[in-house]
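Text of the file coords24.tsv, holding TSV, C-alpha atoms and all ligand atoms:
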chain	number	residue	atom	x	y	z
A	75	MET	CA	-11.71	-22.05	17.27
A	76	THR	CA	-8.87	-20.79	19.42
A	77	SER	CA	-5.86	-23.09	19.65
A	78	HIS	CA	-4.25	-23.71	23.00
A	79	VAL	CA	-1.13	-25.14	21.35
A	80	MET	CA	1.72	-22.63	21.13
A	81	ASN	CA	2.11	-21.33	17.64
A	82	THR	CA	5.65	-22.58	16.95
A	83	TYR	CA	5.14	-24.52	13.70
A	84	GLY	CA	3.79	-23.80	10.26
A	85	ARG	CA	1.43	-26.77	9.92
A	86	LEU	CA	-0.35	-28.24	6.93
A	87	PRO	CA	-4.13	-28.34	7.51
A	88	PHE	CA	-4.63	-32.11	7.83
A	89	ALA	CA	-3.93	-34.55	10.66
A	90	LEU	CA	-2.42	-37.99	10.17
A	91	SER	CA	-4.25	-40.81	11.87
A	92	HIS	CA	-2.42	-44.05	11.03
A	93	GLY	CA	0.12	-45.65	8.77
A	94	ARG	CA	1.40	-48.90	7.33
A	95	GLY	CA	4.84	-49.28	5.84
A	96	CYS	CA	5.61	-46.10	3.88
A	97	ARG	CA	1.94	-45.07	3.60
A	98	VAL	CA	0.02	-42.84	5.99
A	99	TRP	CA	-3.62	-41.80	6.07
A	100	ASP	CA	-5.16	-38.59	7.31
A	101	THR	CA	-8.32	-38.28	9.37
A	102	ASP	CA	-10.34	-37.78	6.16
A	103	GLY	CA	-9.07	-41.08	4.78
A	104	ARG	CA	-6.66	-39.55	2.23
A	105	GLN	CA	-3.54	-41.61	1.59
A	106	TYR	CA	0.02	-40.28	1.34
A	107	LEU	CA	3.37	-41.77	0.43
A	108	ASP	CA	5.71	-40.86	3.27
A	109	GLY	CA	8.82	-39.15	1.93
A	110	LEU	CA	9.53	-37.54	5.29
A	111	GLY	CA	9.43	-40.41	7.80
A	112	GLY	CA	8.64	-37.99	10.62
A	113	ILE	CA	11.89	-36.18	9.66
A	114	ALA	CA	14.23	-39.17	9.39
A	115	VAL	CA	12.69	-40.79	12.48
A	116	ASN	CA	10.44	-43.64	11.28
A	117	THR	CA	13.28	-45.93	10.18
A	118	LEU	CA	10.99	-48.96	9.89
A	119	GLY	CA	8.00	-47.02	8.57
A	120	HIS	CA	4.63	-47.29	10.27
A	121	GLY	CA	3.00	-50.25	12.01
A	122	HIS	CA	5.98	-52.54	11.33
A	123	PRO	CA	4.84	-56.15	11.90
A	124	LYS	CA	7.97	-57.02	13.90
A	125	LEU	CA	8.32	-53.77	15.86
A	126	VAL	CA	4.70	-53.36	16.97
A	127	PRO	CA	4.39	-56.62	18.97
A	128	ALA	CA	7.79	-56.01	20.60
A	129	LEU	CA	6.74	-52.55	21.75
A	130	GLN	CA	3.35	-53.84	22.91
A	131	ASP	CA	5.12	-56.50	24.95
A	132	GLN	CA	7.42	-53.87	26.49
A	133	VAL	CA	4.62	-51.43	27.32
A	134	ALA	CA	2.87	-54.19	29.25
A	135	LYS	CA	6.07	-55.11	31.13
A	136	LEU	CA	7.82	-51.87	32.06
A	137	ILE	CA	7.75	-48.47	30.37
A	138	HIS	CA	9.91	-46.50	32.73
A	139	CYS	CA	11.74	-47.11	35.98
A	140	SER	CA	14.67	-44.86	36.80
A	141	ASN	CA	18.42	-44.78	36.50
A	142	TYR	CA	18.53	-45.65	40.22
A	143	TYR	CA	18.50	-49.31	39.16
A	144	ALA	CA	20.68	-51.62	37.09
A	145	ALA	CA	19.81	-51.27	33.44
A	146	PRO	CA	20.33	-54.48	31.46
A	147	MET	CA	18.54	-53.17	28.38
A	148	GLN	CA	20.84	-50.13	28.32
A	149	GLU	CA	23.76	-52.59	28.43
A	150	THR	CA	22.33	-54.51	25.47
A	151	LEU	CA	21.71	-51.48	23.27
A	152	ALA	CA	25.00	-49.82	24.26
A	153	ALA	CA	26.92	-52.98	23.38
A	154	LYS	CA	25.20	-53.12	20.00
A	155	LEU	CA	25.90	-49.45	19.22
A	156	CYS	CA	29.56	-49.97	20.20
A	157	GLU	CA	29.80	-53.08	18.02
A	158	LEU	CA	28.36	-51.21	15.04
A	159	SER	CA	30.43	-48.03	15.54
A	160	GLY	CA	33.70	-49.37	16.93
A	161	LEU	CA	33.35	-46.96	19.87
A	162	ASP	CA	33.38	-47.71	23.61
A	163	ALA	CA	30.57	-46.32	25.74
A	164	VAL	CA	27.10	-44.81	25.49
A	165	PHE	CA	25.01	-42.35	27.49
A	166	PHE	CA	21.28	-42.56	26.76
A	167	CYS	CA	18.92	-39.59	26.63
A	168	SER	CA	15.69	-38.82	24.78
A	169	THR	CA	16.27	-36.33	21.95
A	170	GLY	CA	18.84	-35.03	19.51
A	171	LEU	CA	19.48	-31.73	21.21
A	172	GLU	CA	19.94	-33.56	24.48
A	173	ALA	CA	22.58	-35.82	22.94
A	174	ASN	CA	24.34	-32.77	21.52
A	175	GLU	CA	24.10	-30.88	24.79
A	176	GLY	CA	25.81	-33.84	26.48
A	177	ALA	CA	28.48	-33.92	23.78
A	178	LEU	CA	29.20	-30.23	24.40
A	179	LYS	CA	29.52	-30.94	28.12
A	180	ILE	CA	31.97	-33.78	27.37
A	181	ALA	CA	34.06	-31.43	25.20
A	182	ARG	CA	34.17	-28.73	27.85
A	183	LYS	CA	35.07	-31.12	30.65
A	184	PHE	CA	37.67	-32.80	28.41
A	185	GLY	CA	39.22	-29.32	28.16
A	186	HIS	CA	38.98	-28.55	31.86
A	187	ASP	CA	40.50	-31.94	32.70
A	188	LYS	CA	43.61	-30.95	30.76
A	189	GLY	CA	43.80	-27.47	32.27
A	190	ILE	CA	42.00	-25.36	29.65
A	191	GLU	CA	39.79	-23.04	31.68
A	192	ARG	CA	37.81	-21.45	28.84
A	193	PRO	CA	37.39	-24.29	26.35
A	194	GLU	CA	36.15	-23.44	22.84
A	195	ILE	CA	34.56	-25.67	20.22
A	196	ILE	CA	34.78	-25.31	16.44
A	197	VAL	CA	31.33	-25.36	14.81
A	198	TYR	CA	30.09	-24.85	11.25
A	199	GLU	CA	28.16	-22.45	9.09
A	200	LYS	CA	24.65	-23.76	8.26
A	201	ALA	CA	24.93	-26.33	11.07
A	202	PHE	CA	21.87	-27.43	13.02
A	203	HIS	CA	22.31	-28.99	16.44
A	204	GLY	CA	19.02	-28.27	18.22
A	205	ARG	CA	17.08	-25.59	20.00
A	206	SER	CA	18.30	-25.53	23.59
A	207	ILE	CA	20.30	-22.42	24.47
A	208	ALA	CA	23.66	-24.18	24.04
A	209	THR	CA	22.75	-26.15	20.92
A	210	LEU	CA	21.12	-23.16	19.21
A	211	SER	CA	24.32	-21.26	19.94
A	212	ALA	CA	26.26	-24.03	18.17
A	213	THR	CA	23.74	-23.92	15.29
A	214	GLY	CA	24.79	-21.83	12.29
A	215	ASN	CA	21.38	-20.43	11.36
A	216	PRO	CA	20.63	-16.84	12.46
A	217	LYS	CA	16.86	-17.55	12.26
A	218	VAL	CA	17.18	-20.22	14.95
A	219	GLN	CA	19.14	-17.84	17.19
A	220	ALA	CA	17.14	-14.64	16.67
A	221	GLY	CA	15.53	-13.42	19.87
A	222	PHE	CA	17.36	-15.79	22.20
A	223	GLY	CA	20.56	-13.93	22.99
A	224	PRO	CA	22.83	-13.76	24.83
A	225	LEU	CA	24.12	-16.87	23.12
A	226	VAL	CA	26.37	-19.36	24.88
A	227	GLU	CA	29.99	-18.43	24.30
A	228	GLY	CA	32.87	-20.70	23.47
A	229	PHE	CA	32.10	-21.46	19.82
A	230	VAL	CA	34.32	-20.65	16.84
A	231	ARG	CA	32.57	-20.90	13.46
A	232	VAL	CA	34.11	-22.05	10.18
A	233	PRO	CA	32.74	-22.85	6.68
A	234	LEU	CA	31.89	-26.46	5.75
A	235	ASN	CA	34.49	-28.43	3.82
A	236	ASP	CA	37.27	-25.90	4.56
A	237	LEU	CA	40.19	-27.62	6.25
A	238	GLU	CA	42.42	-24.56	6.00
A	239	ALA	CA	39.98	-22.56	8.15
A	240	VAL	CA	40.30	-25.24	10.85
A	241	ARG	CA	44.10	-25.22	10.58
A	242	GLU	CA	44.05	-21.45	10.99
A	243	VAL	CA	42.05	-21.78	14.22
A	244	ALA	CA	44.53	-24.43	15.39
A	245	ARG	CA	47.41	-21.99	14.83
A	246	THR	CA	45.79	-19.07	16.62
A	247	ASN	CA	43.48	-20.41	19.34
A	248	PRO	CA	45.00	-22.51	22.14
A	249	ASN	CA	41.61	-22.91	23.87
A	250	VAL	CA	40.01	-25.15	21.26
A	251	VAL	CA	39.11	-28.62	22.57
A	252	ALA	CA	36.85	-30.09	19.89
A	253	VAL	CA	35.46	-29.90	16.36
A	254	PHE	CA	31.69	-30.44	16.24
A	255	LEU	CA	29.82	-31.00	12.98
A	256	GLU	CA	27.14	-33.00	11.22
A	257	THR	CA	28.68	-35.62	8.95
A	258	VAL	CA	25.90	-34.68	6.52
A	259	GLN	CA	24.13	-31.42	7.37
A	260	GLY	CA	20.38	-32.02	7.49
A	261	GLU	CA	18.39	-28.88	8.25
A	262	GLY	CA	21.11	-26.82	6.55
A	263	GLY	CA	20.16	-28.33	3.19
A	264	ILE	CA	21.62	-31.88	2.91
A	265	ASN	CA	25.24	-30.74	2.71
A	266	PRO	CA	27.69	-33.66	2.98
A	267	THR	CA	31.10	-33.20	4.55
A	268	ARG	CA	33.56	-34.51	1.94
A	269	ILE	CA	35.36	-37.75	2.72
A	270	ASP	CA	38.82	-36.18	2.44
A	271	ILE	CA	37.71	-33.39	4.78
A	272	LEU	CA	36.50	-35.89	7.40
A	273	GLN	CA	39.83	-37.68	7.13
A	274	GLY	CA	41.68	-34.36	7.40
A	275	LEU	CA	39.67	-33.39	10.48
A	276	ARG	CA	40.54	-36.72	12.09
A	277	THR	CA	44.23	-36.01	11.52
A	278	ILE	CA	44.03	-32.46	12.87
A	279	CYS	CA	42.11	-33.60	15.96
A	280	ASP	CA	44.78	-36.25	16.64
A	281	GLN	CA	47.60	-33.74	16.21
A	282	GLN	CA	45.93	-31.12	18.39
A	283	ASP	CA	44.46	-33.47	21.01
A	284	TRP	CA	40.96	-32.27	20.14
A	285	LEU	CA	37.79	-34.35	20.18
A	286	LEU	CA	36.17	-35.02	16.80
A	287	MET	CA	32.43	-34.89	17.55
A	288	LEU	CA	30.14	-35.95	14.69
A	289	ASP	CA	26.44	-35.14	15.05
A	290	GLU	CA	24.77	-38.11	13.35
A	291	VAL	CA	21.34	-37.38	14.82
A	292	GLN	CA	19.87	-37.21	11.31
A	293	CYS	CA	22.36	-39.00	9.03
A	294	GLY	CA	23.13	-41.99	11.33
A	295	ILE	CA	21.39	-45.37	11.77
A	296	GLY	CA	21.70	-46.66	8.23
A	297	ARG	CA	20.25	-43.64	6.48
A	298	THR	CA	23.14	-43.11	4.05
A	299	GLY	CA	23.66	-46.84	3.46
A	300	LYS	CA	26.22	-47.34	6.26
A	301	TRP	CA	25.36	-47.57	9.94
A	302	PHE	CA	26.97	-44.18	10.43
A	303	ALA	CA	27.71	-41.68	7.67
A	304	HIS	CA	31.33	-41.12	8.73
A	305	GLN	CA	32.03	-44.80	8.02
A	306	TRP	CA	32.17	-43.86	4.31
A	307	ALA	CA	35.40	-42.04	5.24
A	308	GLY	CA	36.83	-44.97	7.22
A	309	ILE	CA	37.38	-42.83	10.32
A	310	LEU	CA	36.23	-43.04	13.95
A	311	PRO	CA	34.86	-40.01	15.79
A	312	ASP	CA	35.54	-39.46	19.49
A	313	VAL	CA	31.94	-38.52	20.22
A	314	MET	CA	28.83	-39.28	18.16
A	315	PRO	CA	25.39	-37.98	19.18
A	316	LEU	CA	22.48	-40.03	17.80
A	317	ALA	CA	18.72	-39.76	18.05
A	318	LYS	CA	16.07	-39.51	15.31
A	319	GLY	CA	16.10	-42.92	13.59
A	320	LEU	CA	17.37	-45.00	16.50
A	321	GLY	CA	13.95	-45.81	17.97
A	322	SER	CA	11.82	-45.89	14.79
A	323	GLY	CA	9.56	-43.24	16.34
A	324	VAL	CA	9.96	-43.82	20.05
A	325	PRO	CA	11.92	-40.87	21.49
A	326	ILE	CA	15.53	-41.85	22.17
A	327	GLY	CA	18.92	-40.19	22.04
A	328	ALA	CA	22.43	-41.47	22.62
A	329	ILE	CA	25.93	-40.12	22.99
A	330	VAL	CA	28.38	-42.72	21.73
A	331	ALA	CA	31.99	-42.13	22.78
A	332	GLY	CA	35.39	-43.55	21.89
A	333	PRO	CA	38.31	-44.16	24.27
A	334	ARG	CA	39.36	-40.50	24.60
A	335	ALA	CA	35.87	-39.37	25.61
A	336	ALA	CA	34.21	-42.40	27.19
A	337	THR	CA	35.29	-41.68	30.78
A	338	VAL	CA	35.13	-37.88	30.80
A	339	LEU	CA	31.70	-37.87	32.48
A	340	GLN	CA	31.84	-39.32	35.99
A	341	PRO	CA	29.14	-39.98	38.60
A	342	GLY	CA	27.25	-36.77	39.30
A	343	ASN	CA	28.36	-35.01	36.09
A	344	HIS	CA	25.31	-35.74	33.95
A	345	GLY	CA	21.89	-37.31	34.05
A	346	THR	CA	18.34	-37.28	32.72
A	347	THR	CA	15.10	-38.75	34.04
A	348	PHE	CA	13.75	-40.38	30.90
A	349	GLY	CA	17.08	-41.40	29.38
A	350	GLY	CA	17.56	-45.12	28.90
A	351	ASN	CA	14.04	-46.10	29.92
A	352	PRO	CA	13.00	-49.67	29.02
A	353	LEU	CA	10.50	-48.64	26.31
A	354	ALA	CA	13.07	-46.51	24.48
A	355	MET	CA	15.74	-49.19	24.90
A	356	ARG	CA	13.44	-51.88	23.51
A	357	ALA	CA	12.65	-49.64	20.54
A	358	GLY	CA	16.37	-49.14	19.86
A	359	ILE	CA	17.27	-52.80	20.32
A	360	GLU	CA	14.44	-54.00	18.08
A	361	THR	CA	15.07	-51.33	15.43
A	362	LEU	CA	18.70	-52.40	15.03
A	363	ARG	CA	17.80	-56.10	15.19
A	364	ILE	CA	15.10	-55.79	12.53
A	365	MET	CA	17.40	-53.67	10.36
A	366	GLU	CA	19.99	-56.45	10.45
A	367	GLU	CA	17.49	-59.28	10.01
A	368	ASP	CA	15.77	-57.67	7.05
A	369	GLY	CA	18.76	-56.06	5.32
A	370	VAL	CA	17.23	-52.61	5.78
A	371	MET	CA	20.52	-50.73	5.40
A	372	ALA	CA	21.36	-52.38	2.09
A	373	ASN	CA	17.83	-51.49	1.01
A	374	ALA	CA	18.43	-47.84	1.94
A	375	ALA	CA	21.59	-47.81	-0.17
A	376	ALA	CA	20.01	-49.49	-3.21
A	377	VAL	CA	16.62	-47.76	-3.17
A	378	GLY	CA	18.32	-44.46	-2.33
A	379	ALA	CA	20.55	-44.78	-5.38
A	380	ARG	CA	17.49	-45.54	-7.52
A	381	LEU	CA	15.62	-42.54	-6.11
A	382	HIS	CA	18.62	-40.28	-6.72
A	383	ALA	CA	19.03	-41.56	-10.28
A	384	GLY	CA	15.32	-41.19	-11.02
A	385	LEU	CA	15.31	-37.61	-9.82
A	386	ALA	CA	18.49	-36.82	-11.73
A	387	GLU	CA	16.98	-38.25	-14.90
A	388	GLY	CA	13.65	-36.51	-14.45
A	389	LEU	CA	15.13	-33.14	-13.56
A	390	GLY	CA	18.36	-33.19	-15.59
A	391	GLY	CA	18.89	-29.93	-17.48
A	392	VAL	CA	15.82	-28.24	-15.98
A	393	ALA	CA	16.51	-24.52	-15.52
A	394	GLY	CA	16.30	-23.62	-11.83
A	395	LEU	CA	17.62	-26.93	-10.52
A	396	VAL	CA	20.84	-26.21	-8.63
A	397	GLU	CA	21.88	-29.66	-7.45
A	398	ILE	CA	20.68	-33.04	-6.22
A	399	ARG	CA	22.73	-34.06	-3.17
A	400	GLY	CA	22.96	-36.75	-0.55
A	401	GLN	CA	23.41	-40.46	-0.21
A	402	GLY	CA	21.15	-43.40	0.50
A	403	LEU	CA	17.73	-42.26	1.66
A	404	MET	CA	18.87	-38.76	2.60
A	405	VAL	CA	18.32	-36.71	-0.53
A	406	GLY	CA	18.24	-32.97	-1.05
A	407	ILE	CA	17.07	-31.24	-4.24
A	408	GLU	CA	18.24	-27.65	-4.24
A	409	LEU	CA	16.35	-25.16	-6.40
A	410	ASP	CA	17.42	-21.62	-7.24
A	411	ARG	CA	14.50	-20.08	-5.30
A	412	PRO	CA	12.49	-20.57	-2.09
A	413	CYS	CA	10.10	-23.45	-2.64
A	414	GLY	CA	8.14	-23.90	0.60
A	415	VAL	CA	4.93	-23.85	-1.45
A	416	LEU	CA	5.84	-27.33	-2.75
A	417	LEU	CA	5.07	-28.79	0.66
A	418	GLY	CA	1.32	-28.31	0.23
A	419	GLN	CA	1.39	-29.10	-3.48
A	420	ALA	CA	3.16	-32.41	-2.85
A	421	ALA	CA	0.69	-33.29	-0.09
A	422	ASP	CA	-2.20	-32.54	-2.47
A	423	ALA	CA	-0.55	-34.93	-4.91
A	424	GLY	CA	-0.26	-37.60	-2.18
A	425	LEU	CA	3.36	-37.22	-1.10
A	426	LEU	CA	4.83	-35.99	2.20
A	427	ILE	CA	8.14	-34.11	1.86
A	428	SER	CA	9.99	-31.35	3.64
A	429	VAL	CA	11.58	-28.15	2.43
A	430	THR	CA	14.60	-27.00	4.40
A	431	ALA	CA	17.02	-24.08	4.12
A	432	ASP	CA	14.22	-22.32	2.13
A	433	SER	CA	15.09	-23.84	-1.23
A	434	VAL	CA	16.02	-27.49	-0.64
A	435	ILE	CA	13.44	-30.26	-1.02
A	436	ARG	CA	14.38	-32.95	1.48
A	437	LEU	CA	13.50	-36.63	1.19
A	438	VAL	CA	14.23	-38.73	4.29
A	439	PRO	CA	11.66	-41.56	4.00
A	440	PRO	CA	11.55	-44.77	6.03
A	441	LEU	CA	14.51	-47.00	5.18
A	442	ILE	CA	12.12	-49.80	4.16
A	443	LEU	CA	11.06	-47.81	1.08
A	444	THR	CA	10.59	-50.15	-1.89
A	445	ALA	CA	11.91	-49.56	-5.40
A	446	ALA	CA	8.31	-49.17	-6.62
A	447	GLU	CA	7.66	-46.54	-3.95
A	448	ALA	CA	10.84	-44.69	-4.92
A	449	ASP	CA	9.65	-44.66	-8.53
A	450	GLU	CA	6.27	-43.39	-7.38
A	451	MET	CA	7.97	-40.61	-5.45
A	452	VAL	CA	9.88	-39.57	-8.56
A	453	ALA	CA	6.70	-39.73	-10.66
A	454	ILE	CA	4.91	-37.36	-8.27
A	455	LEU	CA	7.78	-35.01	-7.55
A	456	VAL	CA	9.37	-34.46	-10.95
A	457	PRO	CA	6.30	-32.91	-12.66
A	458	LEU	CA	5.61	-30.80	-9.57
A	459	ILE	CA	9.13	-29.39	-9.52
A	460	ARG	CA	9.14	-28.88	-13.30
A	461	ALA	CA	5.85	-26.98	-13.14
A	462	PHE	CA	7.04	-24.92	-10.18
A	463	LEU	CA	10.27	-23.93	-11.93
A	464	ALA	CA	8.47	-23.17	-15.17
A	465	THR	CA	6.25	-20.61	-13.41
A	466	PRO	CA	7.86	-17.19	-13.42
A	501	LIG	C1	16.98	-32.94	14.42
A	501	LIG	C2	18.41	-32.67	14.72
A	501	LIG	C3	18.84	-32.29	15.99
A	501	LIG	C4	17.87	-31.98	17.10
A	501	LIG	O1	17.16	-33.10	17.49
A	501	LIG	P1	15.85	-32.92	18.42
A	501	LIG	O2	15.46	-34.32	18.73
A	501	LIG	O3	14.85	-32.18	17.60
A	501	LIG	O4	16.28	-32.15	19.60
A	501	LIG	C5	20.18	-32.14	16.20
A	501	LIG	N1	21.07	-32.37	15.24
A	501	LIG	C6	20.71	-32.75	14.00
A	501	LIG	C7	21.74	-33.01	12.97
A	501	LIG	C8	19.36	-32.91	13.70
A	501	LIG	O5	18.99	-33.24	12.47
Represent the structure contained in this file as structure tokens.
Amino acid sequence: MTSHVMNTYGRLPFALSHGRGCRVWDTDGRQYLDGLGGIAVNTLGHGHPKLVPALQDQVAKLIHCSNYYAAPMQETLAAKLCELSGLDAVFFCSTGLEANEGALKIARKFGHDKGIERPEIIVYEKAFHGRSIATLSATGNPKVQAGFGPLVEGFVRVPLNDLEAVREVARTNPNVVAVFLETVQGEGGINPTRIDILQGLRTICDQQDWLLMLDEVQCGIGRTGKWFAHQWAGILPDVMPLAKGLGSGVPIGAIVAGPRAATVLQPGNHGTTFGGNPLAMRAGIETLRIMEEDGVMANAAAVGARLHAGLAEGLGGVAGLVEIRGQGLMVGIELDRPCGVLLGQAADAGLLISVTADSVIRLVPPLILTAAEADEMVAILVPLIRAFLATP
């Protein structure tokens, strides 16, 4: 049979039909434990008994109108995101790259507003910010960029966790207006920015009058055990793009901005048709409400620590294991060789995972994962990884 879907993904040969909690079933009735959560999207798992009726209610009332009209639900969700982050204002969109694209526009206009005609933005090696032309240019993965040149200019790239490299740019490049990075790199292999580095970046950005822009599209919304991963460092960013987990599966993105960035965009500067629509807003409002009501973030911290410890115990001392990284329910297991084959093997064993950066097994399950499910994940994954590494 010829497919009429563009061939842009390597897909496993089964289709998922429905889910409940952290379990999903395929169209042949096979059950899987969901270690992927739709890539850090399904915060509340599948078929959540509080989220489903709320979304059903909203679908029946109003799915979409337009930003031509007053938007009380945008006000509600924006106020909540500002309360949780300590920032000031939000622009709503529909995806991660769209949030990042808007952040890049804020940085450039912030520069133009202070007389810098060719603003440049510091970005990072191994970064992933999306697949639009601007965000793939900011991305630090040659595979994502290959074939799509000419890239957007105005980016200066530095290595992760290297403050001196940023200071060097500050000394030599008067056009820089912002530093843009993931607090914890996701696609790049679950690479956390160190707490002292985040604090150092905050200081440099204050000294230089640069915007600190933290892409929390993957690591935000409770995933690491705090609402936002940078909160472990006790700092505030100037701009924070969000998306993935914010709507528990309903497409939504947001740019959250602090006082130095909140008023950069003015009427006519930016917009998007779907952004802030009532269905997406309801999904965001209910996701955050349910997370608070049910202590979901504390669960992510506790069950994440248990998962991490279980993996460390099961894989400790195994030749070929490089490192287990991450925090909360954002865990990366780096092996010393490409391990994409584990994707299918794990699925055959009843577990959905991802492999990123060729050799890093990534676990980003729903944040409602139970301790028993974490143990089950370890019990499936450890023997698979051991057997894989034992094969020459
Ligand atoms: C997934 C991701 C994006 C892109 O989000 P899309 O919704 O796929 O456009 C951007 N930044 C980070 C850190 C991501 O993990």
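Separating atom CA of A:His138 from atom O3 of ligand LIG 501 (chain A) is a distance of 21.4 Å.
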Could you pull the residues within 9 Å of A:Pro311, counting only C-alpha atoms, minus those fewer than 2 positions along the same chain, as a PDB file with C-alpha atoms, in the frame of the given file?
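This is the output file selection.pdb:
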ATOM      1  CA  LEU A 161      33.350 -46.960  19.870  1.00  0.00           C
ATOM      2  CA  ARG A 276      40.540 -36.720  12.090  1.00  0.00           C
ATOM      3  CA  LEU A 285      37.790 -34.350  20.180  1.00  0.00           C
ATOM      4  CA  LEU A 286      36.170 -35.020  16.800  1.00  0.00           C
ATOM      5  CA  MET A 287      32.430 -34.890  17.550  1.00  0.00           C
ATOM      6  CA  LEU A 288      30.140 -35.950  14.690  1.00  0.00           C
ATOM      7  CA  HIS A 304      31.330 -41.120   8.730  1.00  0.00           C
ATOM      8  CA  ILE A 309      37.380 -42.830  10.320  1.00  0.00           C
ATOM      9  CA  VAL A 313      31.940 -38.520  20.220  1.00  0.00           C
ATOM     10  CA  MET A 314      28.830 -39.280  18.160  1.00  0.00           C
ATOM     11  CA  ALA A 331      31.990 -42.130  22.780  1.00  0.00           C
ATOM     12  CA  GLY A 332      35.390 -43.550  21.890  1.00  0.00           C
TER      13      GLY A 332
END
Note to self: Any residue with an atom at most 9 Å from ligand LIG 501 (chain A) counts, using only C-alpha atoms and all ligand atoms. Which are they? Put them as number ranges by chain.
What the structure shows: A: 113-114, 168-174, 201-206, 209, 213, 255-262, 289-293, 315-318, 325-327
Okay, now the selection with C-alpha atoms, as an mmCIF file, in the frame of the given file?
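Result went into result_39.cif, see below:
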data_model
loop_
_atom_site.group_PDB
_atom_site.id
_atom_site.type_symbol
_atom_site.label_atom_id
_atom_site.label_comp_id
_atom_site.auth_asym_id
_atom_site.auth_seq_id
_atom_site.Cartn_x
_atom_site.Cartn_y
_atom_site.Cartn_z
ATOM 1 C CA ILE A 113 11.890 -36.180 9.660
ATOM 2 C CA ALA A 114 14.230 -39.170 9.390
ATOM 3 C CA SER A 168 15.690 -38.820 24.780
ATOM 4 C CA THR A 169 16.270 -36.330 21.950
ATOM 5 C CA GLY A 170 18.840 -35.030 19.510
ATOM 6 C CA LEU A 171 19.480 -31.730 21.210
ATOM 7 C CA GLU A 172 19.940 -33.560 24.480
ATOM 8 C CA ALA A 173 22.580 -35.820 22.940
ATOM 9 C CA ASN A 174 24.340 -32.770 21.520
ATOM 10 C CA ALA A 201 24.930 -26.330 11.070
ATOM 11 C CA PHE A 202 21.870 -27.430 13.020
ATOM 12 C CA HIS A 203 22.310 -28.990 16.440
ATOM 13 C CA GLY A 204 19.020 -28.270 18.220
ATOM 14 C CA ARG A 205 17.080 -25.590 20.000
ATOM 15 C CA SER A 206 18.300 -25.530 23.590
ATOM 16 C CA THR A 209 22.750 -26.150 20.920
ATOM 17 C CA THR A 213 23.740 -23.920 15.290
ATOM 18 C CA LEU A 255 29.820 -31.000 12.980
ATOM 19 C CA GLU A 256 27.140 -33.000 11.220
ATOM 20 C CA THR A 257 28.680 -35.620 8.950
ATOM 21 C CA VAL A 258 25.900 -34.680 6.520
ATOM 22 C CA GLN A 259 24.130 -31.420 7.370
ATOM 23 C CA GLY A 260 20.380 -32.020 7.490
ATOM 24 C CA GLU A 261 18.390 -28.880 8.250
ATOM 25 C CA GLY A 262 21.110 -26.820 6.550
ATOM 26 C CA ASP A 289 26.440 -35.140 15.050
ATOM 27 C CA GLU A 290 24.770 -38.110 13.350
ATOM 28 C CA VAL A 291 21.340 -37.380 14.820
ATOM 29 C CA GLN A 292 19.870 -37.210 11.310
ATOM 30 C CA CYS A 293 22.360 -39.000 9.030
ATOM 31 C CA PRO A 315 25.390 -37.980 19.180
ATOM 32 C CA LEU A 316 22.480 -40.030 17.800
ATOM 33 C CA ALA A 317 18.720 -39.760 18.050
ATOM 34 C CA LYS A 318 16.070 -39.510 15.310
ATOM 35 C CA PRO A 325 11.920 -40.870 21.490
ATOM 36 C CA ILE A 326 15.530 -41.850 22.170
ATOM 37 C CA GLY A 327 18.920 -40.190 22.040
#
So that each row is one residue of stretch 108-223 of chain A with an atom at most 10 Å from stretch 341-355 of chain A, can you give its shortest atom pair and the distance in Å to one decimal, using all atoms listed in the file, rows by chain and rising number, as CSV?
residue,atom,partner,partner_atom,distance
A:Ala128,CA,A:Leu353,CA,9.7
A:Leu129,CA,A:Leu353,CA,7.1
A:Gln130,CA,A:Leu353,CA,9.5
A:Asp131,CA,A:Leu353,CA,9.6
A:Gln132,CA,A:Leu353,CA,6.1
A:Val133,CA,A:Leu353,CA,6.6
A:Ala134,CA,A:Leu353,CA,9.9
A:Lys135,CA,A:Pro352,CA,9.1
A:Leu136,CA,A:Pro352,CA,6.4
A:Ile137,CA,A:Leu353,CA,4.9
A:His138,CA,A:Asn351,CA,5.0
A:Cys139,CA,A:Asn351,CA,6.6
A:Ser140,CA,A:Thr347,CA,6.7
A:Asn141,CA,A:Thr347,CA,7.3
A:Tyr142,CA,A:Thr347,CA,9.9
A:Ala145,CA,A:Gly350,CA,8.0
A:Pro146,CA,A:Pro352,CA,9.1
A:Met147,CA,A:Met355,CA,6.0
A:Gln148,CA,A:Gly350,CA,6.0
A:Glu149,CA,A:Met355,CA,9.4
A:Thr150,CA,A:Met355,CA,8.5
A:Leu151,CA,A:Met355,CA,6.6
A:Ala152,CA,A:Met355,CA,9.3
A:Phe165,CA,A:Gly350,CA,8.1
A:Phe166,CA,A:Gly350,CA,5.0
A:Cys167,CA,A:Gly349,CA,3.8
A:Ser168,CA,A:Gly349,CA,5.5
A:Thr169,CA,A:Gly349,CA,9.0
A:Glu172,CA,A:Thr346,CA,9.2
A:Gly176,CA,A:His344,CA,7.7
A:Lys179,CA,A:His344,CA,8.6
A:Ile180,CA,A:Asn343,CA,9.5
A:Lys183,CA,A:Asn343,CA,9.5
Next item on the list: Quick one: pull the distance between atom CA of A:Val434 and atom CA of A:Ile398, Å, one decimal.
Entry: 9.1 Å
Next item on the list: For A:Thr444, please output as a ChimeraX atom specification all residues within 9 Å (counting only C-alpha atoms; exclusion window: fewer than 6 positions along the same chain).
Entry: /A:96,373,377
Check: What's the 10 Å shell around A:Ala244, counting only C-alpha atoms, without same-chain residues fewer than 6 positions away, as a ChimeraX atom specification?
Finding: /A:196,238,250-251,278-279,281-282,284
